[in-house]
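Student: Provided herewith: entry-v8.txt, compact mmCIF, C-alpha atoms.
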```
# COMPACT_ATOMS: atom_id res chain seq x y z
CA MET M 1 35.22 -6.95 -37.91
CA LEU M 2 36.00 -6.29 -34.27
CA ALA M 3 35.13 -8.98 -31.75
CA PRO M 4 32.83 -7.92 -28.90
CA VAL M 5 34.54 -7.19 -25.63
CA GLU M 6 33.84 -9.27 -22.54
CA GLY M 7 31.13 -6.93 -21.16
CA GLU M 8 29.30 -6.87 -24.46
CA THR M 9 29.37 -10.68 -24.59
CA VAL M 10 27.75 -10.92 -21.16
CA THR M 11 25.11 -8.40 -22.20
CA ILE M 12 24.29 -10.36 -25.36
CA LYS M 13 24.03 -13.59 -23.37
CA LEU M 14 21.74 -11.99 -20.77
CA LYS M 15 19.56 -10.58 -23.50
CA GLY M 16 19.33 -13.95 -25.23
CA LEU M 17 18.52 -15.79 -22.00
CA GLY M 18 15.89 -13.20 -21.18
CA GLN M 19 14.21 -13.59 -24.56
CA VAL M 20 14.22 -17.38 -24.21
CA ALA M 21 12.77 -17.20 -20.68
CA VAL M 22 10.00 -14.85 -21.78
CA ALA M 23 9.16 -17.11 -24.73
CA VAL M 24 9.05 -20.22 -22.51
CA GLY M 25 6.95 -18.37 -19.95
CA VAL M 26 4.43 -17.20 -22.53
CA ILE M 27 4.14 -20.76 -23.84
CA GLY M 28 3.54 -22.00 -20.27
CA VAL M 29 0.84 -19.41 -19.56
CA VAL M 30 -0.95 -20.12 -22.84
CA SER M 31 -0.71 -23.87 -22.22
CA SER M 32 -2.24 -23.55 -18.77
CA MET M 33 -5.14 -21.59 -20.21
CA LEU M 34 -5.73 -24.31 -22.79
CA LEU M 35 -5.59 -26.99 -20.10
CA VAL M 36 -8.29 -25.39 -17.94
CA PRO M 37 -11.25 -26.91 -19.85
CA MET M 38 -9.41 -30.23 -20.03
CA SER M 39 -8.98 -30.15 -16.26
CA ALA M 40 -12.67 -29.50 -15.74
CA ALA M 41 -13.64 -32.33 -18.06
CA ALA M 42 -11.02 -34.80 -16.85
CA GLU M 43 -12.24 -35.12 -13.26
CA THR M 44 -15.86 -36.21 -13.15
CA ARG M 45 -15.82 -37.77 -9.70
CA SER M 46 -17.29 -36.07 -6.65
CA ALA M 47 -18.71 -36.94 -3.24
CA SER M 48 -20.85 -35.14 -0.68
CA SER M 49 -22.58 -35.89 2.60
CA ALA M 50 -24.96 -33.95 4.85
CA LEU M 51 -26.20 -35.25 8.16
CA ALA M 52 -29.33 -33.07 8.13
CA GLU M 53 -31.00 -30.72 5.63
CA LEU M 54 -33.96 -28.74 6.99
CA ASP M 55 -36.37 -26.58 5.01
CA VAL M 56 -39.22 -24.69 6.67
CA THR M 57 -41.84 -23.05 4.45
CA ALA M 58 -42.93 -19.52 5.30
CA ILE M 59 -46.61 -19.21 6.32
CA PRO M 60 -47.17 -15.47 6.88
CA ALA M 61 -50.83 -15.96 7.86
CA VAL M 62 -49.78 -17.73 11.06
CA GLY M 63 -46.39 -16.06 11.63
CA VAL M 64 -44.10 -18.89 10.50
CA ASP M 65 -40.83 -17.69 8.95
CA ALA M 66 -38.92 -19.54 6.22
CA PHE M 67 -35.68 -21.36 6.95
CA SER M 68 -33.28 -23.49 4.94
CA GLY M 69 -29.97 -24.95 6.03
CA SER M 70 -27.67 -27.96 6.15
CA TYR M 71 -25.74 -29.45 9.05
CA GLY M 72 -22.71 -31.74 9.09
CA THR M 73 -21.68 -31.34 5.47
CA ALA M 74 -18.58 -32.78 3.77
CA GLY M 75 -17.33 -32.29 0.21
CA THR M 76 -15.13 -34.16 -2.23
CA PRO M 77 -11.74 -35.32 -0.89
CA ASP M 78 -8.50 -34.61 -2.77
CA LEU M 79 -8.50 -37.18 -5.55
CA SER M 80 -4.93 -36.34 -6.55
CA LYS M 81 -3.70 -38.01 -3.36
CA SER M 82 -3.38 -41.76 -2.83
CA ALA M 83 -5.81 -41.45 0.09
CA ASP M 84 -7.78 -38.59 1.57
CA SER M 85 -10.85 -37.94 3.70
CA VAL M 86 -13.04 -34.98 4.61
CA ASP M 87 -14.90 -34.82 7.92
CA GLY M 88 -18.24 -33.07 8.17
CA ASP M 89 -18.53 -29.45 9.26
CA PHE M 90 -20.37 -29.49 12.58
CA SER M 91 -19.82 -25.80 13.34
CA ASP M 92 -23.38 -25.22 12.09
CA PRO M 93 -22.85 -22.07 9.97
CA ASP M 94 -26.48 -22.22 8.76
CA GLY M 95 -27.94 -22.27 12.27
CA VAL M 96 -29.75 -25.59 11.80
CA LEU M 97 -29.35 -26.48 15.48
CA ASP M 98 -31.51 -23.48 16.38
CA HIS M 99 -34.39 -25.46 14.91
CA MET M 100 -33.49 -29.05 15.71
CA ALA M 101 -31.16 -31.36 17.61
CA VAL M 102 -29.05 -34.27 16.39
CA ASN M 103 -28.60 -36.80 19.17
CA GLY M 104 -25.83 -39.22 20.02
CA THR M 105 -23.52 -40.36 17.24
CA GLN M 106 -22.77 -37.78 14.58
CA VAL M 107 -20.80 -38.94 11.54
CA SER M 108 -20.63 -37.27 8.15
CA ALA M 109 -17.59 -37.83 5.96
CA THR M 110 -16.23 -38.58 2.51
CA SER M 111 -13.14 -40.61 1.68
CA TRP M 112 -10.97 -41.68 -1.24
CA GLU M 113 -8.64 -44.67 -1.67
CA SER M 114 -6.69 -44.84 -4.94
CA THR M 115 -5.50 -48.41 -4.29
CA THR M 116 -9.09 -49.68 -4.28
CA GLY M 117 -10.57 -46.96 -6.48
CA GLN M 118 -13.31 -46.38 -3.92
CA LEU M 119 -14.90 -42.97 -3.39
CA THR M 120 -17.31 -43.02 -0.44
CA ALA M 121 -19.75 -40.70 1.30
CA ARG M 122 -21.34 -41.77 4.58
CA THR M 123 -23.40 -40.54 7.52
CA ASN M 124 -24.50 -41.91 10.85
CA ALA M 125 -26.64 -40.48 13.66
CA THR M 126 -28.57 -41.79 16.65
CA GLY M 127 -31.68 -39.60 16.33
CA PHE M 128 -33.23 -36.26 15.38
CA GLU M 129 -35.59 -33.83 17.15
CA VAL M 130 -37.20 -30.95 15.24
CA ASN M 131 -38.75 -27.91 16.91
CA TYR M 132 -41.39 -26.12 14.83
CA ASN M 133 -42.96 -22.72 15.51
CA GLY M 134 -42.00 -22.87 19.16
CA VAL M 135 -43.25 -26.43 19.61
CA ASP M 136 -40.48 -28.53 21.13
CA ASP M 137 -40.06 -32.03 19.71
CA PHE M 138 -42.67 -31.33 17.06
CA MET M 139 -41.09 -34.20 15.12
CA THR M 140 -38.63 -36.89 16.21
CA SER M 141 -37.04 -39.75 14.31
CA GLY M 142 -34.65 -42.58 15.02
CA SER M 143 -31.18 -43.63 13.95
CA ILE M 144 -29.88 -43.54 10.39
CA ASP M 145 -26.89 -45.09 8.66
CA SER M 146 -26.31 -44.24 5.00
CA TYR M 147 -23.55 -44.39 2.44
CA ALA M 148 -22.91 -44.12 -1.28
CA ARG M 149 -19.83 -45.53 -2.95
CA CYS M 150 -17.97 -45.70 -6.24
CA LEU M 151 -16.67 -49.24 -6.59
CA ASN M 152 -13.37 -50.46 -7.97
CA ASN M 153 -15.19 -52.38 -10.72
CA GLY M 154 -16.63 -49.17 -12.17
CA GLY M 155 -20.07 -49.45 -10.58
CA ALA M 156 -21.81 -47.60 -7.75
CA LEU M 157 -24.13 -48.44 -4.88
CA ALA M 158 -26.23 -46.56 -2.33
CA TYR M 159 -27.90 -47.57 0.91
CA ALA M 160 -29.89 -46.04 3.76
CA ARG M 161 -30.82 -48.06 6.84
CA GLY M 162 -31.88 -47.60 10.44
CA ASP M 163 -34.96 -46.25 12.18
CA GLY M 164 -35.13 -43.14 10.01
CA SER M 165 -38.37 -44.43 8.47
CA LEU M 166 -39.99 -44.49 11.93
CA ALA M 167 -40.86 -41.07 13.32
CA TYR M 168 -43.25 -39.20 15.63
CA VAL M 169 -45.10 -36.00 14.84
CA LEU M 170 -46.86 -34.29 17.75
CA GLY M 171 -46.24 -37.48 19.72
CA LYS M 172 -48.05 -39.68 17.21
CA PRO M 173 -46.15 -42.40 15.33
CA VAL M 174 -45.73 -42.15 11.57
CA SER M 175 -44.19 -44.87 9.44
CA ALA M 176 -42.92 -45.18 5.88
CA GLY M 177 -45.45 -43.86 3.40
CA ALA M 178 -48.21 -41.26 3.82
CA ASN M 179 -49.68 -40.63 7.29
CA THR M 180 -52.55 -38.33 8.38
CA ILE M 181 -52.64 -36.58 11.74
CA GLU M 182 -55.42 -34.37 13.08
CA ALA M 183 -54.20 -31.49 15.26
CA THR M 184 -55.38 -28.31 16.96
CA GLY M 185 -54.07 -24.79 16.67
CA ALA M 186 -52.89 -24.99 20.28
CA GLN M 187 -50.74 -28.03 19.48
CA LEU M 188 -49.16 -26.10 16.61
CA ASN M 189 -48.78 -22.90 18.67
CA MET M 190 -50.91 -21.03 16.11
CA SER M 191 -53.54 -18.77 17.67
CA ALA M 192 -55.28 -18.11 14.35
CA VAL M 193 -55.76 -21.83 13.72
CA ASP M 194 -58.59 -23.87 15.20
CA THR M 195 -58.03 -27.27 13.58
CA ALA M 196 -55.48 -28.72 11.19
CA THR M 197 -54.91 -31.86 9.14
CA LEU M 198 -51.27 -32.82 8.71
CA THR M 199 -50.02 -35.17 6.00
CA VAL M 200 -46.65 -36.69 6.86
CA THR M 201 -44.79 -38.61 4.14
CA VAL M 202 -41.77 -40.68 5.09
CA LYS M 203 -39.41 -42.00 2.41
CA ARG M 204 -36.25 -44.05 2.21
CA VAL M 205 -34.43 -43.30 -1.04
CA GLU M 206 -31.64 -45.43 -2.55
CA ASN M 207 -30.61 -44.60 -6.12
CA ALA M 208 -27.85 -46.20 -8.14
CA VAL M 209 -27.19 -45.28 -11.78
CA ASN M 210 -24.86 -47.63 -13.65
CA THR M 211 -24.62 -46.94 -17.38
CA PRO M 212 -21.58 -46.62 -19.68
CA THR M 213 -21.83 -42.81 -19.63
CA GLU M 214 -23.16 -42.19 -16.11
CA VAL M 215 -22.28 -43.83 -12.81
CA SER M 216 -23.60 -42.31 -9.58
CA ALA M 217 -25.31 -43.20 -6.31
CA GLU M 218 -27.43 -41.36 -3.75
CA ALA M 219 -29.25 -42.27 -0.54
CA PHE M 220 -31.19 -40.48 2.20
CA PHE M 221 -34.26 -40.50 4.44
CA GLU M 222 -36.87 -37.82 3.87
CA ILE M 223 -39.77 -36.66 6.05
CA ILE M 224 -42.22 -34.17 4.53
CA VAL M 225 -44.93 -32.45 6.56
CA GLU M 226 -47.80 -30.74 4.76
CA GLY M 227 -50.82 -29.19 6.40
CA GLN M 228 -54.26 -27.75 5.91
CA LEU M 229 -54.87 -25.07 8.53
CA ARG M 230 -58.42 -23.93 9.30
CA ASP M 231 -59.86 -21.15 11.46
CA SER M 232 -62.78 -21.39 13.90
CA ALA M 233 -65.29 -20.90 11.06
CA GLY M 234 -63.80 -23.85 9.19
CA ASP M 235 -62.28 -21.69 6.46
CA VAL M 236 -58.89 -22.77 5.15
CA ILE M 237 -56.12 -20.38 6.14
CA TYR M 238 -53.32 -22.32 4.51
CA ASP M 239 -52.95 -25.55 2.59
CA GLY M 240 -49.46 -26.64 1.54
CA PRO M 241 -45.97 -27.71 2.65
CA MET M 242 -44.81 -26.91 6.18
CA LEU M 243 -41.36 -28.48 6.53
CA THR M 244 -39.03 -31.06 5.00
CA LEU M 245 -36.23 -32.89 6.81
CA ILE M 246 -33.66 -34.91 4.86
CA GLU M 247 -31.50 -37.16 7.01
CA GLY M 248 -28.22 -38.78 6.03
CA HIS M 249 -27.99 -37.40 2.49
CA VAL M 250 -25.02 -39.00 0.70
CA LYS M 251 -24.12 -38.78 -2.97
CA VAL M 252 -21.22 -39.81 -5.22
CA THR M 253 -20.58 -39.22 -8.89
CA CYS M 254 -18.19 -41.80 -10.28
CA LYS M 255 -15.94 -41.97 -13.31
CA PRO M 256 -18.00 -43.28 -16.27
CA GLN M 257 -16.68 -46.04 -18.47
CA GLN M 258 -16.84 -43.69 -21.46
CA GLU M 259 -17.34 -39.98 -21.85
CA PRO M 260 -20.74 -39.13 -23.36
CA THR M 261 -20.74 -37.70 -26.87
CA PRO M 262 -23.29 -35.08 -28.00
CA SER M 263 -25.19 -37.69 -30.01
CA SER M 264 -25.15 -40.34 -27.30
CA SER M 265 -26.05 -37.76 -24.65
CA SER M 266 -29.05 -36.71 -26.71
CA ALA M 267 -30.15 -40.29 -27.17
CA THR M 268 -29.60 -41.07 -23.53
CA SER M 269 -31.60 -38.04 -22.43
CA SER M 270 -34.43 -38.98 -24.75
CA SER M 271 -34.64 -42.57 -23.57
CA SER M 272 -34.10 -41.58 -19.95
CA SER M 273 -36.87 -39.00 -20.13
CA SER M 274 -39.39 -41.55 -21.32
CA SER M 275 -38.16 -43.99 -18.70
CA ALA M 276 -38.34 -41.32 -16.01
CA THR M 277 -41.91 -40.52 -17.09
CA SER M 278 -42.97 -44.12 -16.71
CA SER M 279 -41.13 -44.33 -13.39
CA SER M 280 -42.85 -41.18 -12.20
CA SER M 281 -46.22 -42.55 -13.24
CA SER M 282 -45.50 -45.73 -11.34
CA SER M 283 -44.50 -43.88 -8.18
CA ASN M 284 -47.52 -41.62 -8.40
CA SER M 285 -49.77 -44.67 -8.44
CA SER M 286 -48.26 -45.68 -5.11
CA SER M 287 -48.84 -43.96 -1.80
CA SER M 288 -46.40 -41.10 -2.53
CA SER M 289 -48.01 -37.67 -3.08
CA SER M 290 -47.02 -35.43 -5.98
CA SER M 291 -45.91 -32.60 -3.79
CA SER M 292 -43.64 -34.76 -1.71
CA SER M 293 -42.12 -36.24 -4.83
CA SER M 294 -41.28 -32.79 -6.14
CA SER M 295 -39.40 -31.85 -3.01
CA SER M 296 -37.27 -34.96 -3.00
CA PRO M 297 -33.74 -34.46 -4.32
CA SER M 298 -33.01 -36.96 -7.06
CA THR M 299 -29.80 -37.91 -8.77
CA SER M 300 -30.94 -36.67 -12.15
CA SER M 301 -34.16 -35.38 -13.62
CA SER M 302 -33.51 -37.37 -16.77
CA SER M 303 -32.40 -40.55 -15.05
CA SER M 304 -34.69 -43.51 -14.56
CA SER M 305 -32.94 -44.48 -11.36
CA THR M 306 -35.06 -42.31 -9.05
CA SER M 307 -36.61 -44.68 -6.56
CA THR M 308 -38.29 -44.27 -3.21
CA SER M 309 -39.17 -46.97 -0.74
CA GLU M 310 -42.16 -46.27 1.46
CA SER M 311 -42.29 -49.67 3.10
CA PRO M 312 -40.60 -50.02 6.50
CA SER M 313 -37.08 -51.30 6.48
CA SER M 314 -36.27 -54.24 8.69
CA THR M 315 -33.71 -54.23 11.45
CA SER M 316 -31.56 -57.00 10.04
CA GLU M 317 -27.82 -56.68 9.66
CA SER M 318 -26.81 -54.08 7.14
CA PRO M 319 -23.46 -53.13 5.61
CA SER M 320 -21.46 -50.20 6.83
CA PRO M 321 -18.76 -48.27 4.98
CA SER M 322 -16.30 -48.83 7.74
CA SER M 323 -16.22 -51.43 10.47
CA SER M 324 -14.52 -48.94 12.74
CA SER M 325 -17.16 -46.23 12.39
CA ALA M 326 -19.63 -45.73 15.17
CA SER M 327 -23.14 -46.97 14.52
CA PRO M 328 -26.34 -46.60 16.51
CA SER M 329 -27.42 -50.11 15.62
CA SER M 330 -26.06 -53.15 17.36
CA THR M 331 -25.48 -55.09 14.17
CA THR M 332 -23.44 -53.36 11.53
CA GLY M 333 -21.27 -55.29 9.13
CA SER M 334 -18.85 -54.28 6.44
CA PRO M 335 -19.72 -54.23 2.77
CA SER M 336 -17.96 -56.43 0.28
CA THR M 337 -16.26 -54.66 -2.57
CA SER M 338 -16.56 -57.60 -4.93
CA GLY M 339 -20.23 -58.41 -5.15
CA SER M 340 -21.67 -60.87 -7.61
CA PRO M 341 -21.85 -59.48 -11.13
CA SER M 342 -25.28 -58.75 -12.42
CA SER M 343 -26.40 -59.62 -15.91
CA SER M 344 -26.15 -56.04 -17.11
CA GLY M 345 -24.61 -52.72 -16.21
CA SER M 346 -27.74 -50.70 -16.79
CA THR M 347 -29.35 -48.19 -14.48
CA SER M 348 -30.49 -49.78 -11.24
CA ALA M 349 -32.10 -48.72 -8.00
CA SER M 350 -33.40 -50.28 -4.81
CA SER M 351 -37.05 -49.79 -3.98
CA SER M 352 -37.84 -52.83 -1.91
CA ALA M 353 -38.17 -53.16 1.83
CA SER M 354 -35.35 -55.67 2.06
CA ASP M 355 -32.12 -54.66 3.76
CA ASP M 356 -30.06 -56.79 1.38
CA THR M 357 -27.87 -54.51 -0.70
CA THR M 358 -26.32 -56.04 -3.82
CA GLU M 359 -23.53 -54.26 -5.58
CA PRO M 360 -24.33 -53.25 -9.16
CA VAL M 361 -21.62 -54.05 -11.66
CA ALA M 362 -20.59 -51.96 -14.65
CA PRO M 363 -20.41 -53.38 -18.20
CA THR M 364 -18.05 -56.35 -18.37
CA THR M 365 -16.02 -54.74 -21.15
CA ALA M 366 -14.94 -51.92 -18.89
CA ALA M 367 -11.63 -51.95 -17.08
CA ALA M 368 -11.50 -51.42 -13.35
CA ASP M 369 -10.66 -47.90 -12.27
CA ASP M 370 -8.06 -48.09 -9.53
CA GLY M 371 -7.11 -44.44 -9.81
CA ARG M 372 -3.59 -45.26 -11.02
CA GLY M 373 -1.77 -45.58 -14.31
CA THR M 374 -3.68 -42.85 -16.13
CA LEU M 375 -2.61 -39.38 -17.16
CA SER M 376 -5.11 -36.93 -15.75
CA VAL M 377 -5.17 -33.18 -16.03
CA THR M 378 -6.07 -31.86 -12.59
CA GLY M 379 -6.51 -28.37 -11.24
CA ASN M 380 -3.20 -28.66 -9.39
CA SER M 381 -1.29 -29.54 -12.56
CA VAL M 382 -2.85 -26.61 -14.42
CA LEU M 383 -1.90 -24.29 -11.56
CA GLY M 384 1.67 -25.63 -11.62
CA VAL M 385 2.05 -24.94 -15.33
CA LEU M 386 0.64 -21.44 -14.88
CA VAL M 387 2.97 -20.60 -11.97
CA ALA M 388 5.99 -21.95 -13.86
CA GLY M 389 5.06 -19.91 -16.93
CA LEU M 390 4.63 -16.69 -14.96
CA SER M 391 7.92 -17.32 -13.16
CA ALA M 392 9.72 -17.79 -16.49
CA VAL M 393 8.21 -14.55 -17.83
CA ALA M 394 9.31 -12.70 -14.69
CA LEU M 395 12.83 -14.13 -14.93
CA GLY M 396 13.07 -13.25 -18.61
CA ALA M 397 11.89 -9.70 -17.99
CA PHE M 398 14.47 -9.31 -15.23
CA LEU M 399 17.30 -10.56 -17.47
CA LEU M 400 16.24 -8.22 -20.28
CA ILE M 401 16.22 -5.25 -17.90
CA VAL M 402 19.70 -6.16 -16.64
CA ALA M 403 20.97 -6.55 -20.21
CA LYS M 404 19.51 -3.19 -21.20
CA ARG M 405 21.14 -1.42 -18.26
CA ARG M 406 24.51 -2.99 -18.99
CA SER M 407 24.37 -1.92 -22.63
CA ALA M 408 23.45 1.62 -21.55
```
Show me this structure written as structure tokens.

Tutor:
Amino acid sequence: MLAPVEGETVTIKLKGLGQVAVAVGVIGVVSSMLLVPMSAAAETRSASSALAELDVTAIPAVGVDAFSGSYGTAGTPDLSKSADSVDGDFSDPDGVLDHMAVNGTQVSATSWESTTGQLTARTNATGFEVNYNGVDDFMTSGSIDSYARCLNNGGALAYARGDGSLAYVLGKPVSAGANTIEATGAQLNMSAVDTATLTVTVKRVENAVNTPTEVSAEAFFEIIVEGQLRDSAGDVIYDGPMLTLIEGHVKVTCKPQQEPTPSSSSATSSSSSSSATSSSSSSNSSSSSSSSSSSSPSTSSSSSSTSTSESPSSTSESPSPSSSSASPSSTTGSPSTSGSPSSSGSTSASSSASDDTTEPVAPTTAAADDGRGTLSVTGNSVLGVLVAGLSAVALGAFLLIVAKRRSA
């Protein structure tokens, strides 16, 4: 048998390398496709902040157009880095500032620190002025300072403080809870309206969910204006929501101590639903109206952590996510990241008027999540495998083409 000449040997080697490269590339591409769902399931943490969220309800009978938009929004930082932060978008793409003004300090940001395992969302502003239907300063409210945080012990907390629960509508003061204001059509710039009764509901919401399968926190101030508009004959022209302003909306979803299974999720949903029903019944027996409750964003429809405080918050010292961040209040401290452990790691929420914020603690059997020492499948790693696989396929195809040409 004749031995292959030197050129034939090179061709055989190129062909073999090409086949190997194609095989490796195909394996890489297939692997990346299999890792996609793992990547989606692996990272459960997220953070968001919005300095202002304004919704205006359309009232065609009096010429009011609908509007909905958010201002000063920030999303989840890059959790694959040791530290990262995202500053709020104040370019106002939604056109919120055409309807209102945010005064003084404007802070909206999210941040991540792997060394402490803390994922934080925070906002800060000096005051808000809302124009409605051509009426300047239809509603004004004071300073807000809010944050939500995933803690290094596996728990989460949320807080909202400031003068956000003290507001003015048509120059009349409204405080936490439900308030009634009598107005005229001229005050509302509505020629078809003779008299009107406005119901203004002010809420301070602080939710913290701490269970083995769900850890999250959310905080914000909410002002809801509803109205009954009547003509000169006393007939009702409109009766319903007019506008809703959410100030300092922060939310974090943290890494749970254990991933929920289908059976446990079903059981959790069942128990949470009954708990949420009792919680809803309790809140409805308070001064909160049903319509304002429905427009309030909650952490979860099946979670019993939904809590609203309609009693005025005091002006005592309150924690801040960062001692270096600007604050409209004169007394702003820094939160401790090692609060006293509570007796259980169950769902918790703050609904009292006190400014004392205690840090909820996860189940004692859980290990602290410092963001290190674990193998996680992220979107970046999946993309890297996919790119490497495609590159190997391309290289293999090139080598096979070269080998074919040499043999020809």

Student: Between atom CA of Gly248 of chain M and atom CA of Ala52 of chain M, what distance in Å does the model show, to one decimal?

Tutor: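 Going from atom CA of Gly248 of chain M over to atom CA of Ala52 of chain M, I get 6.2 Å.
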
Student: Figure out the distance between atom CA of Phe221 of chain M and atom CA of Pro60 of chain M, please, to one decimal in Å.

Tutor: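 Spanning atom CA of Pro60 of chain M to atom CA of Phe221 of chain M is a straight-line distance of 28.3 Å.
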
Student: Let me make sure I understand: among M:Leu79, M:Met190, M:Leu229, M:Ala183, which one has the smallest atom-to-atom distance to Gly63 of chain M if we use only C-alpha atoms?

Tutor: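 Comparing M:Leu79, M:Met190, M:Leu229, M:Ala183 against Gly63 of chain M, the winner is M:Met190.
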
Student: Would you kindly return, as a list in words, each protein, DNA or RNA residue with an atom no farther than 12 Å from any atom of Thr57 of chain M, considering only C-alpha atoms and excluding same-chain residues fewer than 3 positions away?

Tutor: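 Result of the neighbour search: Leu54, Pro60, Ala61, Val62, Gly63, Val64, Asp65, Ala66, Phe67, Ser68, Tyr132, Asn133, Ile224, Val225, Glu226, Gly227, Tyr238, Asp239, Gly240, Pro241, Met242, Leu243, Thr244, Leu245 and Ser295 of chain M.
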
Student: Just to confirm, what's the straight-line distance from atom CA of Leu166 of chain M to atom CA of Ala58 of chain M in Å (one decimal)?

Tutor: 26.0 Å

Student: Which is closer to Thr211 of chain M than all the others in M:Gly171, M:Gly16, M:Pro256, M:Gly185, using all atoms listed in the file?

Tutor: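 Closest candidate: M:Pro256.
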
Student: Tell me which of M:Ile237, M:Ile144, M:Ala217, M:Val86 sits closest to Gly104 of chain M, counting all atoms listed in the file.

Tutor: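 Of M:Ile237, M:Ile144, M:Ala217, M:Val86, the one nearest Gly104 of chain M is M:Ile144, counting all atoms listed in the file.
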
Student: Give me the residues near Val250 of chain M as a VMD selection string, where near means some atom within 12 Å (using all atoms listed in the file) and where sequence neighbours in that chain fewer than 3 positions away do not count.

Tutor: chain M and resid 46 to 53 72 to 76 88 107 to 110 119 to 124 144 to 150 157 to 160 205 to 208 216 to 221 246 to 247 253 297 to 299 321

Student: Print the selection's residues with C-alpha atoms to a file, as a CSV table (one decimal), in the coordinates of the input.

Tutor:
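As a result, again06.csv now contains:
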```
chain,number,residue,atom,x,y,z
M,46,SER,CA,-17.3,-36.1,-6.6
M,47,ALA,CA,-18.7,-36.9,-3.2
M,48,SER,CA,-20.8,-35.1,-0.7
M,49,SER,CA,-22.6,-35.9,2.6
M,50,ALA,CA,-25.0,-34.0,4.8
M,51,LEU,CA,-26.2,-35.2,8.2
M,52,ALA,CA,-29.3,-33.1,8.1
M,53,GLU,CA,-31.0,-30.7,5.6
M,72,GLY,CA,-22.7,-31.7,9.1
M,73,THR,CA,-21.7,-31.3,5.5
M,74,ALA,CA,-18.6,-32.8,3.8
M,75,GLY,CA,-17.3,-32.3,0.2
M,76,THR,CA,-15.1,-34.2,-2.2
M,88,GLY,CA,-18.2,-33.1,8.2
M,107,VAL,CA,-20.8,-38.9,11.5
M,108,SER,CA,-20.6,-37.3,8.2
M,109,ALA,CA,-17.6,-37.8,6.0
M,110,THR,CA,-16.2,-38.6,2.5
M,119,LEU,CA,-14.9,-43.0,-3.4
M,120,THR,CA,-17.3,-43.0,-0.4
M,121,ALA,CA,-19.8,-40.7,1.3
M,122,ARG,CA,-21.3,-41.8,4.6
M,123,THR,CA,-23.4,-40.5,7.5
M,124,ASN,CA,-24.5,-41.9,10.8
M,144,ILE,CA,-29.9,-43.5,10.4
M,145,ASP,CA,-26.9,-45.1,8.7
M,146,SER,CA,-26.3,-44.2,5.0
M,147,TYR,CA,-23.6,-44.4,2.4
M,148,ALA,CA,-22.9,-44.1,-1.3
M,149,ARG,CA,-19.8,-45.5,-3.0
M,150,CYS,CA,-18.0,-45.7,-6.2
M,157,LEU,CA,-24.1,-48.4,-4.9
M,158,ALA,CA,-26.2,-46.6,-2.3
M,159,TYR,CA,-27.9,-47.6,0.9
M,160,ALA,CA,-29.9,-46.0,3.8
M,205,VAL,CA,-34.4,-43.3,-1.0
M,206,GLU,CA,-31.6,-45.4,-2.6
M,207,ASN,CA,-30.6,-44.6,-6.1
M,208,ALA,CA,-27.8,-46.2,-8.1
M,216,SER,CA,-23.6,-42.3,-9.6
M,217,ALA,CA,-25.3,-43.2,-6.3
M,218,GLU,CA,-27.4,-41.4,-3.8
M,219,ALA,CA,-29.2,-42.3,-0.5
M,220,PHE,CA,-31.2,-40.5,2.2
M,221,PHE,CA,-34.3,-40.5,4.4
M,246,ILE,CA,-33.7,-34.9,4.9
M,247,GLU,CA,-31.5,-37.2,7.0
M,253,THR,CA,-20.6,-39.2,-8.9
M,297,PRO,CA,-33.7,-34.5,-4.3
M,298,SER,CA,-33.0,-37.0,-7.1
M,299,THR,CA,-29.8,-37.9,-8.8
M,321,PRO,CA,-18.8,-48.3,5.0
```

Student: Measuring atom to atom with all atoms listed in the file, identify which of M:Ser175, M:Gly234, M:Val209, M:Ala394 is nearest to Thr197 of chain M.

Tutor: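 The shortest atom-to-atom distance to Thr197 of chain M comes from M:Gly234.
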
Student: Closest to Asp78 of chain M among M:Ser114, M:Phe398, M:Lys404, M:Gln187, using all atoms listed in the file?

Tutor: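 Of M:Ser114, M:Phe398, M:Lys404, M:Gln187, the one nearest Asp78 of chain M is M:Ser114, counting all atoms listed in the file.
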